[in-house]
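Undergrad: Handing over data.txt, compact mmCIF, C-alpha atoms.
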# COMPACT_ATOMS: atom_id res chain seq x y z
CA MET A 1 21.35 2.81 4.59
CA SER A 2 18.63 4.14 6.88
CA ASN A 3 17.51 7.38 8.47
CA PHE A 4 14.64 9.27 10.08
CA VAL A 5 12.32 12.01 8.90
CA ASN A 6 10.74 14.18 11.58
CA ILE A 7 7.33 15.74 11.06
CA ASP A 8 5.27 17.94 13.37
CA GLY A 9 8.10 17.98 15.90
CA ASN A 10 7.23 14.74 17.69
CA ILE A 11 6.80 12.10 14.97
CA ASN A 12 9.86 10.30 13.63
CA PHE A 13 9.39 8.13 10.57
CA PHE A 14 12.15 5.56 10.09
CA TYR A 15 13.02 4.43 6.60
CA GLU A 16 15.47 2.17 4.83
CA ASP A 17 16.99 3.49 1.63
CA SER A 18 18.77 1.99 -1.36
CA GLY A 19 20.69 5.27 -1.61
CA THR A 20 21.97 7.28 -4.54
CA ASP A 21 25.12 5.36 -5.49
CA GLY A 22 25.03 4.58 -9.20
CA LEU A 23 22.17 7.00 -9.92
CA ASP A 24 22.10 10.06 -12.18
CA PRO A 25 21.69 12.78 -9.52
CA SER A 26 19.80 15.01 -11.93
CA ASP A 27 16.90 12.76 -12.84
CA TYR A 28 16.58 9.58 -10.74
CA THR A 29 13.12 8.50 -9.60
CA THR A 30 12.36 7.88 -5.93
CA THR A 31 9.81 5.20 -5.13
CA VAL A 32 8.52 5.10 -1.56
CA TRP A 33 7.05 1.80 -0.35
CA ILE A 34 4.65 1.41 2.58
CA HIS A 35 4.41 -2.08 4.08
CA GLY A 36 1.35 -3.97 5.21
CA LEU A 37 0.07 -5.81 8.29
CA GLY A 38 2.55 -7.67 10.47
CA PHE A 39 5.51 -7.12 8.14
CA ASN A 40 7.84 -4.12 8.38
CA GLY A 41 9.78 -2.21 5.75
CA ALA A 42 12.53 -4.85 5.57
CA VAL A 43 10.36 -6.88 3.17
CA PHE A 44 11.42 -4.60 0.30
CA ARG A 45 15.17 -5.03 0.73
CA LYS A 46 15.52 -7.34 -2.28
CA LEU A 47 14.59 -4.39 -4.49
CA PHE A 48 17.47 -2.26 -3.20
CA PRO A 49 20.45 -3.74 -5.11
CA ILE A 50 18.61 -3.81 -8.44
CA ALA A 51 17.17 -0.28 -8.29
CA PRO A 52 20.24 1.64 -9.57
CA SER A 53 20.15 -0.17 -12.93
CA ARG A 54 16.73 1.45 -13.47
CA ASN A 55 17.90 4.84 -12.11
CA TYR A 56 15.52 4.26 -9.21
CA ARG A 57 15.96 4.97 -5.52
CA ILE A 58 13.92 2.69 -3.24
CA VAL A 59 12.76 4.07 0.11
CA SER A 60 10.99 1.69 2.50
CA LEU A 61 8.95 3.55 5.10
CA TYR A 62 8.21 1.94 8.47
CA ARG A 63 4.67 2.77 9.48
CA ARG A 64 3.70 4.23 12.86
CA GLY A 65 4.02 1.60 15.57
CA TYR A 66 6.66 -0.39 13.70
CA ALA A 67 9.88 0.36 15.55
CA PRO A 68 11.94 2.42 15.30
CA THR A 69 9.23 4.72 13.83
CA SER A 70 7.29 6.57 16.53
CA PRO A 71 4.35 4.69 18.02
CA TRP A 72 0.80 5.99 17.77
CA THR A 73 -0.10 8.38 20.58
CA LYS A 74 -2.84 7.59 23.10
CA GLU A 75 -5.13 10.09 21.36
CA GLU A 76 -4.52 8.51 17.95
CA VAL A 77 -5.15 5.01 19.31
CA GLU A 78 -8.46 6.20 20.75
CA LEU A 79 -9.48 7.36 17.27
CA PHE A 80 -8.76 4.13 15.43
CA THR A 81 -10.12 1.85 18.16
CA SER A 82 -13.42 3.72 18.11
CA SER A 83 -16.39 2.63 15.99
CA ASP A 84 -17.65 6.22 15.84
CA LEU A 85 -17.79 7.42 12.24
CA GLU A 86 -16.32 10.85 12.97
CA ASP A 87 -13.42 9.33 14.90
CA GLY A 88 -12.67 7.03 11.97
CA LYS A 89 -12.73 9.92 9.51
CA LYS A 90 -10.42 11.96 11.76
CA PHE A 91 -7.91 9.13 12.04
CA LEU A 92 -7.80 8.44 8.29
CA HIS A 93 -7.40 12.15 7.55
CA LEU A 94 -4.59 12.41 10.11
CA ALA A 95 -2.82 9.32 8.76
CA GLY A 96 -3.03 10.67 5.22
CA ILE A 97 -1.66 14.08 6.16
CA GLN A 98 1.29 12.46 7.93
CA ILE A 99 2.26 10.54 4.78
CA ALA A 100 2.09 13.73 2.70
CA LYS A 101 4.29 15.52 5.21
CA PHE A 102 6.79 12.67 5.18
CA LEU A 103 7.07 12.95 1.39
CA LEU A 104 7.51 16.71 1.52
CA GLU A 105 10.17 16.60 4.23
CA PHE A 106 12.02 13.71 2.60
CA ALA A 107 12.05 15.41 -0.81
CA SER A 108 13.29 18.68 0.68
CA SER A 109 15.92 17.25 3.02
CA GLN A 110 17.29 14.80 0.44
CA ARG A 111 17.09 17.29 -2.44
CA ILE A 112 15.74 14.65 -4.77
CA PRO A 113 15.09 15.55 -8.44
CA LYS A 114 11.69 17.03 -9.18
CA TYR A 115 9.42 15.33 -11.66
CA ASN A 116 10.10 16.10 -15.32
CA LYS A 117 6.82 15.54 -17.10
CA GLU A 118 8.32 15.63 -20.59
CA GLU A 119 11.11 13.16 -19.84
CA LYS A 120 9.05 11.16 -17.31
CA THR A 121 11.96 11.11 -14.87
CA GLY A 122 12.59 12.18 -11.32
CA GLY A 123 10.00 12.84 -8.66
CA ILE A 124 8.26 10.33 -6.41
CA VAL A 125 6.15 7.23 -6.99
CA LEU A 126 4.28 6.28 -3.80
CA ASN A 127 3.53 2.57 -3.41
CA GLY A 128 1.26 0.93 -0.87
CA TRP A 129 1.43 -2.84 -0.41
CA SER A 130 -1.29 -4.97 1.17
CA SER A 131 -2.97 -3.14 4.07
CA GLY A 132 -0.30 -0.44 3.62
CA VAL A 133 -2.43 0.70 0.65
CA LEU A 134 -4.64 2.43 3.20
CA TYR A 135 -2.05 5.14 3.83
CA PRO A 136 -1.44 6.53 0.31
CA HIS A 137 -5.19 6.13 -0.23
CA ALA A 138 -5.90 8.19 2.89
CA MET A 139 -3.34 10.74 1.71
CA LEU A 140 -5.22 11.25 -1.57
CA ALA A 141 -8.39 11.84 0.45
CA ALA A 142 -6.65 14.41 2.66
CA LEU A 143 -4.92 16.58 0.05
CA ASP A 144 -7.26 19.50 0.74
CA GLY A 145 -5.91 19.48 4.30
CA LEU A 146 -2.52 20.69 3.06
CA THR A 147 -1.71 24.37 2.70
CA THR A 148 -1.61 25.81 -0.81
CA LYS A 149 2.18 25.95 -0.54
CA GLU A 150 2.47 22.33 0.61
CA LEU A 151 0.17 21.10 -2.13
CA GLY A 152 2.16 23.02 -4.75
CA GLN A 153 5.41 21.54 -3.48
CA LEU A 154 3.97 18.03 -3.45
CA GLU A 155 2.82 18.45 -7.05
CA THR A 156 6.39 19.09 -8.18
CA TYR A 157 7.43 15.64 -6.91
CA LEU A 158 4.55 13.18 -6.60
CA HIS A 159 3.42 11.95 -10.00
CA ALA A 160 2.09 8.43 -9.37
CA VAL A 161 0.52 6.28 -6.66
CA LEU A 162 0.46 2.51 -6.92
CA TYR A 163 -1.74 0.19 -4.84
CA PHE A 164 -0.40 -3.37 -4.88
CA ASP A 165 -2.50 -6.29 -3.61
CA SER A 166 -4.90 -4.25 -1.52
CA PRO A 167 -7.33 -6.00 0.82
CA THR A 168 -10.96 -4.95 0.55
CA VAL A 169 -11.18 -3.25 3.95
CA SER A 170 -8.58 -0.61 3.02
CA LEU A 171 -10.87 0.74 0.32
CA GLY A 172 -14.16 0.14 2.10
CA ILE A 173 -15.34 -2.70 -0.14
CA PRO A 174 -17.27 -5.51 1.61
CA GLN A 175 -15.41 -8.81 1.69
CA PRO A 176 -17.05 -11.61 -0.31
CA SER A 177 -18.54 -14.43 1.72
CA ALA A 178 -16.19 -16.88 0.01
CA ALA A 179 -13.24 -15.22 1.77
CA GLU A 180 -14.89 -15.64 5.16
CA SER A 181 -14.69 -19.41 4.76
CA PHE A 182 -10.90 -19.29 5.14
CA GLN A 183 -10.34 -21.26 8.34
CA GLY A 184 -7.32 -19.26 9.43
CA PHE A 185 -9.54 -16.35 10.43
CA HIS A 186 -11.32 -18.55 12.96
CA MET A 187 -8.37 -19.98 14.86
CA PRO A 188 -8.89 -19.78 18.65
CA THR A 189 -5.67 -17.92 19.55
CA VAL A 190 -3.92 -14.92 18.05
CA SER A 191 -0.69 -16.95 17.77
CA GLU A 192 -2.46 -19.52 15.61
CA ARG A 193 -4.04 -16.76 13.50
CA TRP A 194 -0.59 -15.21 13.02
CA VAL A 195 0.83 -18.48 11.68
CA SER A 196 -2.18 -18.88 9.41
CA PHE A 197 -1.94 -15.28 8.22
CA LYS A 198 1.71 -15.64 7.23
CA LYS A 199 0.86 -18.79 5.29
CA LEU A 200 -2.04 -17.09 3.52
CA CYS A 201 0.21 -14.18 2.45
CA THR A 202 3.18 -16.22 1.29
CA ASP A 203 1.46 -19.13 -0.47
CA TYR A 204 0.64 -19.38 -4.17
CA TYR A 205 -2.92 -19.90 -5.43
CA VAL A 206 -4.30 -21.18 -8.73
CA HIS A 207 -7.47 -19.42 -9.93
CA SER A 208 -9.90 -20.70 -12.57
CA ASN A 209 -10.04 -17.26 -14.17
CA PRO A 210 -8.71 -14.18 -12.33
CA HIS A 211 -10.13 -11.90 -15.05
CA SER A 212 -13.74 -13.07 -15.12
CA HIS A 213 -15.30 -10.93 -12.35
CA ASP A 214 -16.99 -14.10 -11.11
CA VAL A 215 -16.12 -14.74 -7.46
CA ALA A 216 -16.53 -18.47 -8.09
CA ASP A 217 -13.46 -18.32 -10.35
CA LEU A 218 -11.25 -17.10 -7.49
CA ASN A 219 -9.49 -19.30 -4.95
CA PHE A 220 -9.83 -18.31 -1.30
CA ASN A 221 -8.99 -21.60 0.39
CA GLU A 222 -6.62 -24.06 -1.26
CA SER A 223 -3.04 -22.97 -1.86
CA SER A 224 -0.90 -24.60 -4.53
CA GLU A 225 1.72 -27.18 -3.65
CA ASP A 226 3.56 -26.68 -6.95
CA LYS A 227 5.57 -23.70 -5.70
CA PRO A 228 7.26 -23.21 -2.32
CA PRO A 229 5.85 -20.35 -0.24
CA SER A 230 7.59 -16.98 -0.40
CA LEU A 231 10.15 -16.34 2.36
CA SER A 232 10.63 -20.10 2.85
CA ASP A 233 14.35 -19.57 2.25
CA LEU A 234 14.62 -17.46 5.41
CA SER A 235 15.63 -18.64 8.85
CA GLU A 236 13.26 -17.91 11.74
CA ASP A 237 15.66 -15.23 12.97
CA ASP A 238 15.69 -13.50 9.57
CA LEU A 239 11.90 -13.69 9.36
CA ASP A 240 11.56 -12.22 12.84
CA GLN A 241 13.57 -9.20 11.72
CA MET A 242 10.98 -8.31 9.10
CA THR A 243 7.83 -9.05 11.07
CA SER A 244 6.02 -7.73 14.12
CA PHE A 245 3.72 -10.16 15.91
CA GLU A 246 2.97 -7.42 18.44
CA MET A 247 1.56 -5.06 15.79
CA PHE A 248 -0.37 -7.89 14.16
CA ALA A 249 -1.91 -8.85 17.49
CA THR A 250 -2.68 -5.33 18.72
CA ARG A 251 -2.57 -1.96 16.98
CA ASP A 252 -2.83 -2.96 13.31
CA GLN A 253 -5.73 -5.32 13.95
CA SER A 254 -7.49 -2.58 15.92
CA ILE A 255 -7.86 -0.47 12.78
CA SER A 256 -10.55 -2.91 11.66
CA THR A 257 -12.65 -1.41 14.47
CA ILE A 258 -13.06 1.77 12.41
CA ASN A 259 -16.59 2.30 11.09
CA PRO A 260 -16.61 0.78 7.56
CA GLU A 261 -18.34 3.88 6.22
CA ALA A 262 -15.21 5.91 7.07
CA PHE A 263 -13.24 3.79 4.57
CA ARG A 264 -15.92 4.25 1.90
CA ILE A 265 -15.94 8.02 2.47
CA THR A 266 -12.15 8.00 2.14
CA SER A 267 -12.41 6.12 -1.17
CA ARG A 268 -14.97 8.55 -2.54
CA ARG A 269 -12.75 11.50 -1.61
CA ALA A 270 -9.56 9.86 -2.89
CA LEU A 271 -10.79 8.67 -6.29
CA PHE A 272 -14.43 9.56 -6.92
CA ASN A 273 -14.81 13.26 -6.04
CA VAL A 274 -14.40 15.85 -8.78
CA GLU A 275 -13.32 18.64 -6.41
CA MET A 276 -10.67 16.43 -4.76
CA ALA A 277 -9.38 15.30 -8.17
CA ARG A 278 -8.41 18.92 -8.85
CA CYS A 279 -5.65 18.42 -6.26
CA LEU A 280 -2.73 16.89 -8.17
CA PRO A 281 -4.84 16.62 -11.35
CA ASP A 282 -2.09 14.91 -13.37
CA LEU A 283 -1.44 12.21 -10.79
CA LYS A 284 -1.43 8.64 -12.09
CA VAL A 285 -3.08 5.97 -9.94
CA ARG A 286 -2.57 2.28 -10.61
CA ILE A 287 -4.39 -0.48 -8.75
CA VAL A 288 -2.36 -3.64 -9.26
CA CYS A 289 -2.53 -7.30 -8.27
CA GLY A 290 -0.59 -10.44 -8.97
CA THR A 291 -2.59 -13.36 -10.33
CA GLU A 292 -1.16 -16.08 -8.05
CA GLY A 293 -2.02 -14.60 -4.67
CA TRP A 294 -5.00 -15.05 -2.40
CA GLY A 295 -8.32 -14.44 -4.16
CA ILE A 296 -9.20 -11.30 -2.21
CA PHE A 297 -6.60 -9.24 -4.09
CA MET A 298 -8.07 -10.10 -7.49
CA PHE A 299 -11.58 -9.55 -6.16
CA LEU A 300 -10.55 -6.03 -5.12
CA VAL A 301 -9.13 -5.25 -8.57
CA ASN A 302 -12.27 -6.60 -10.22
CA GLU A 303 -14.45 -4.39 -8.01
CA MET A 304 -12.30 -1.34 -8.82
CA GLU A 305 -12.58 -2.11 -12.53
CA LYS A 306 -16.35 -2.12 -12.05
CA ALA A 307 -16.09 1.22 -10.21
CA LEU A 308 -14.20 2.72 -13.16
CA LYS A 309 -17.33 2.28 -15.26
CA ASN A 310 -19.95 2.93 -12.60
CA PRO A 311 -18.54 4.33 -9.32
CA SER A 312 -21.88 4.47 -7.54
CA SER A 313 -22.41 0.72 -8.03
CA VAL A 314 -19.45 0.08 -5.71
CA PHE A 315 -19.10 3.19 -3.53
CA GLY A 316 -22.61 4.61 -3.29
CA LYS A 317 -24.59 7.43 -4.86
CA ASP A 318 -22.10 10.18 -3.98
CA ALA A 319 -19.30 8.50 -5.96
CA GLU A 320 -18.63 10.02 -9.39
CA ARG A 321 -16.05 9.57 -12.10
CA ALA A 322 -13.25 11.90 -11.10
CA ARG A 323 -9.60 10.93 -10.64
CA ASP A 324 -8.26 8.86 -13.50
CA PHE A 325 -6.93 5.46 -12.50
CA LYS A 326 -6.24 2.12 -14.13
CA VAL A 327 -6.29 -1.46 -12.90
CA VAL A 328 -3.42 -3.78 -13.78
CA ARG A 329 -3.25 -7.55 -13.38
CA LEU A 330 0.27 -8.89 -13.53
CA GLU A 331 0.61 -12.05 -15.60
CA ARG A 332 1.92 -13.91 -12.55
CA GLY A 333 3.12 -13.38 -9.01
CA ASN A 334 1.75 -13.78 -5.51
CA HIS A 335 1.66 -11.31 -2.61
CA PHE A 336 5.47 -11.35 -2.32
CA VAL A 337 6.36 -11.19 -6.00
CA PHE A 338 8.84 -8.40 -5.21
CA TRP A 339 10.70 -10.90 -2.99
CA ASP A 340 10.49 -13.97 -5.20
CA GLU A 341 11.16 -12.18 -8.51
CA PRO A 342 12.53 -8.73 -7.65
CA ASN A 343 13.92 -7.90 -11.10
CA TRP A 344 10.76 -8.88 -12.93
CA ALA A 345 8.48 -7.32 -10.34
CA LEU A 346 10.24 -3.95 -10.33
CA ASP A 347 10.07 -3.82 -14.11
CA GLN A 348 6.33 -4.54 -13.96
CA PHE A 349 5.72 -1.81 -11.41
CA ILE A 350 7.65 0.67 -13.56
CA SER A 351 6.01 -0.31 -16.83
CA CYS A 352 2.46 -0.17 -15.48
CA LEU A 353 2.88 3.59 -15.10
CA ASP A 354 3.22 3.96 -18.87
CA ASP A 355 0.10 5.25 -20.56
Take the structure in the file and give it back as structure tokens.

TA:
Amino acid sequence: MSNFVNIDGNINFFYEDSGTDGLDPSDYTTTVWIHGLGFNGAVFRKLFPIAPSRNYRIVSLYRRGYAPTSPWTKEEVELFTSSDLEDGKKFLHLAGIQIAKFLLEFASSQRIPKYNKEEKTGGIVLNGWSSGVLYPHAMLAALDGLTTKELGQLETYLHAVLYFDSPTVSLGIPQPSAAESFQGFHMPTVSERWVSFKKLCTDYYVHSNPHSHDVADLNFNESSEDKPPSLSDLSEDDLDQMTSFEMFATRDQSISTINPEAFRITSRRALFNVEMARCLPDLKVRIVCGTEGWGIFMFLVNEMEKALKNPSSVFGKDAERARDFKVVRLERGNHFVFWDEPNWALDQFISCLDD
């Protein structure tokens, strides 16, 4: 099933929904997924049929610009195509507020169960995948932009945020030089870069040691031939239904124009600011990666593990230990583990929220 949520009168967020059939209406958990670059919310459909057995409802949000969700306005595009620091900060704040408002309107209109802290049931788990991590991350940095009433309502539902396979840019972490050597980034045409990008995302990679914190132990170039790429079972027509070359080639790529310091400021506010951590103080944050995907995702987790111990070493002198979060490395899985192994992947995402 699918539907729309309207916020601010002129923004319609489209979402796909596994629905409530087979769920206990009093205590099911809703998990909202936000997709990444070039792929739309259809990538999470394999999770839908298995969710009821876990008393979970899966909601797959289509980001702005991914039809049929409303496109970005001219004014919004001007913000995220600007290299001005203040414009970047404004855009990220706006994007974060919009996600919070989607959650509030969805929870209210669908009358979903509130979170029961004692039973650990109900409420919302917000999941960002790939570059879609930017949006829940921006939301955490924008919580003080909600009214007291809105923040109180959000606290009754939202109890966890999960970042899965985040690229470095979404959190404002410089990309290692080893990643720059990937030839797909240097293809002469956007069509060639699109083909290369899809291959990078769907391939499997073998790493010498994904846990070592040594960049030399991560693989940024040579994919494995031992496993077929994810989505290789799909026809071109089926793949087209879950991708958007237009967004890859235009709007989503333009976000990289934002001043990198705006992303670092967002990270400090989201995770490393004591005052901001007082908003939703019991919120769980999990930063997760598979260990068979492209090396950048493990590099990001390693950097965040370093930031847990010494935030300023990664995010600058204003970063301080504030919001509690944990890093989780799955024992296997590439960027599309939720497609290749949906049952196992969903269980991993659920279990990583346990303390």

Undergrad: Would you give the centre and edge lengths, in Å to one decimal, of a box along x, y and z around the listed atoms of stretch 19-27 of chain A, with 8 Å added to each side, as JSON?

TA:
{"center_x": 21.0, "center_y": 9.8, "center_z": -7.2, "size_x": 24.2, "size_y": 26.4, "size_z": 27.2}

Undergrad: Which residue gives the smallest distance to A:Val215 among A:Leu146, A:Leu308, A:Ala179, A:Val169, with all atoms listed in the file counted?

TA: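 Between A:Leu146, A:Leu308, A:Ala179, A:Val169, the residue approaching A:Val215 most closely is A:Ala179.
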
Undergrad: Set the distance at 10 Å and use only C-alpha atoms: which residues neighbour stretch 188-202 of chain A once local chain neighbours fewer than 2 positions away are removed? I'd like the list as a compact mmCIF listing (two decimals) with C-alpha atoms, in the coordinates of the input.

TA:
# COMPACT_ATOMS: atom_id res chain seq x y z
CA LEU A 37 0.07 -5.81 8.29
CA GLY A 38 2.55 -7.67 10.47
CA PHE A 39 5.51 -7.12 8.14
CA SER A 130 -1.29 -4.97 1.17
CA PHE A 182 -10.90 -19.29 5.14
CA GLN A 183 -10.34 -21.26 8.34
CA GLY A 184 -7.32 -19.26 9.43
CA PHE A 185 -9.54 -16.35 10.43
CA HIS A 186 -11.32 -18.55 12.96
CA TYR A 204 0.64 -19.38 -4.17
CA TYR A 205 -2.92 -19.90 -5.43
CA PHE A 220 -9.83 -18.31 -1.30
CA ASN A 221 -8.99 -21.60 0.39
CA GLU A 222 -6.62 -24.06 -1.26
CA SER A 223 -3.04 -22.97 -1.86
CA PRO A 228 7.26 -23.21 -2.32
CA PRO A 229 5.85 -20.35 -0.24
CA SER A 230 7.59 -16.98 -0.40
CA LEU A 231 10.15 -16.34 2.36
CA SER A 232 10.63 -20.10 2.85
CA THR A 243 7.83 -9.05 11.07
CA PHE A 245 3.72 -10.16 15.91
CA PHE A 248 -0.37 -7.89 14.16
CA ALA A 249 -1.91 -8.85 17.49
CA THR A 250 -2.68 -5.33 18.72
CA GLY A 293 -2.02 -14.60 -4.67
CA TRP A 294 -5.00 -15.05 -2.40
CA ASN A 334 1.75 -13.78 -5.51
CA HIS A 335 1.66 -11.31 -2.61
CA PHE A 336 5.47 -11.35 -2.32
CA VAL A 337 6.36 -11.19 -6.00

Undergrad: Can you work out which one of A:Ile255, A:Thr29, A:His137, A:Phe106 has the shortest atom-to-atom distance to A:Glu78, counting all atoms listed in the file?

TA: A:Ile255

Undergrad: Which residue, A:Trp339, A:Phe299, A:Phe272, A:Phe80, has the smallest gap to A:Ala141 when you use all atoms listed in the file?

TA: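 Closest candidate: A:Phe272.
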
Undergrad: Around the point (-12.5, 10.8, -16.9), in the coordinates given by the file, pick out the residues reaching within 10 Å, counting all atoms listed in the file, and return them as a short mmCIF file (atom, residue, chain, number, x, y, z; two decimals) with C-alpha atoms, in the coordinates of the input.

TA:
data_model
loop_
_atom_site.label_atom_id
_atom_site.label_comp_id
_atom_site.auth_asym_id
_atom_site.auth_seq_id
_atom_site.Cartn_x
_atom_site.Cartn_y
_atom_site.Cartn_z
CA VAL A 274 -14.40 15.85 -8.78
CA LEU A 308 -14.20 2.72 -13.16
CA LYS A 309 -17.33 2.28 -15.26
CA GLU A 320 -18.63 10.02 -9.39
CA ARG A 321 -16.05 9.57 -12.10
CA ALA A 322 -13.25 11.90 -11.10
CA ARG A 323 -9.60 10.93 -10.64
CA ASP A 324 -8.26 8.86 -13.50
CA PHE A 325 -6.93 5.46 -12.50
#

Undergrad: Using only C-alpha atoms, which residue out of A:Phe48, A:Asp340, A:Ala138, A:Ile7 lies closest to A:Arg269?

TA: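 Nearest to A:Arg269: A:Ala138.
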
Undergrad: Quick check, in Å to one decimal: how far apart do atom CA of A:Val327 and atom CA of A:Gly36 lie?

TA: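 Pair atom CA of A:Val327 / atom CA of A:Gly36 returns 19.8 Å.
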
Undergrad: Using only C-alpha atoms, give me every residue within 12 Å of (2.4, 8.8, -9.6) in file coordinates, as a PyMOL selection string.

TA: chain A and resi 29-32+115+117+120-128+136+140+154-163+280-287+324-326+349-350+352-355

Undergrad: Between A:Pro52, A:Asp144, A:Pro68, A:Gly333, which residue has the minimum interatomic distance to A:Arg278, considering only C-alpha atoms?

TA: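 Among A:Pro52, A:Asp144, A:Pro68, A:Gly333, it is A:Asp144 that comes nearest to A:Arg278.
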
Undergrad: Excluding A:Ser166 and any residue of its chain fewer than 3 positions from it, enumerate the residues within 7 Å of it, using all atoms listed in the file, and give them as a PDB file with C-alpha atoms, in the frame of the given file.

TA:
ATOM      1  CA  TRP A 129       1.430  -2.840  -0.410  1.00  0.00           C
ATOM      2  CA  SER A 130      -1.290  -4.970   1.170  1.00  0.00           C
ATOM      3  CA  SER A 131      -2.970  -3.140   4.070  1.00  0.00           C
ATOM      4  CA  VAL A 133      -2.430   0.700   0.650  1.00  0.00           C
ATOM      5  CA  TYR A 163      -1.740   0.190  -4.840  1.00  0.00           C
ATOM      6  CA  SER A 170      -8.580  -0.610   3.020  1.00  0.00           C
ATOM      7  CA  PHE A 297      -6.600  -9.240  -4.090  1.00  0.00           C
ATOM      8  CA  LEU A 300     -10.550  -6.030  -5.120  1.00  0.00           C
TER       9      LEU A 300
END

Undergrad: Which is closest to A:Glu341 among A:Leu271, A:Ile50, A:Asp21, A:Pro311, if we use all atoms listed in the file?

TA: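 Nearest to A:Glu341: A:Ile50.
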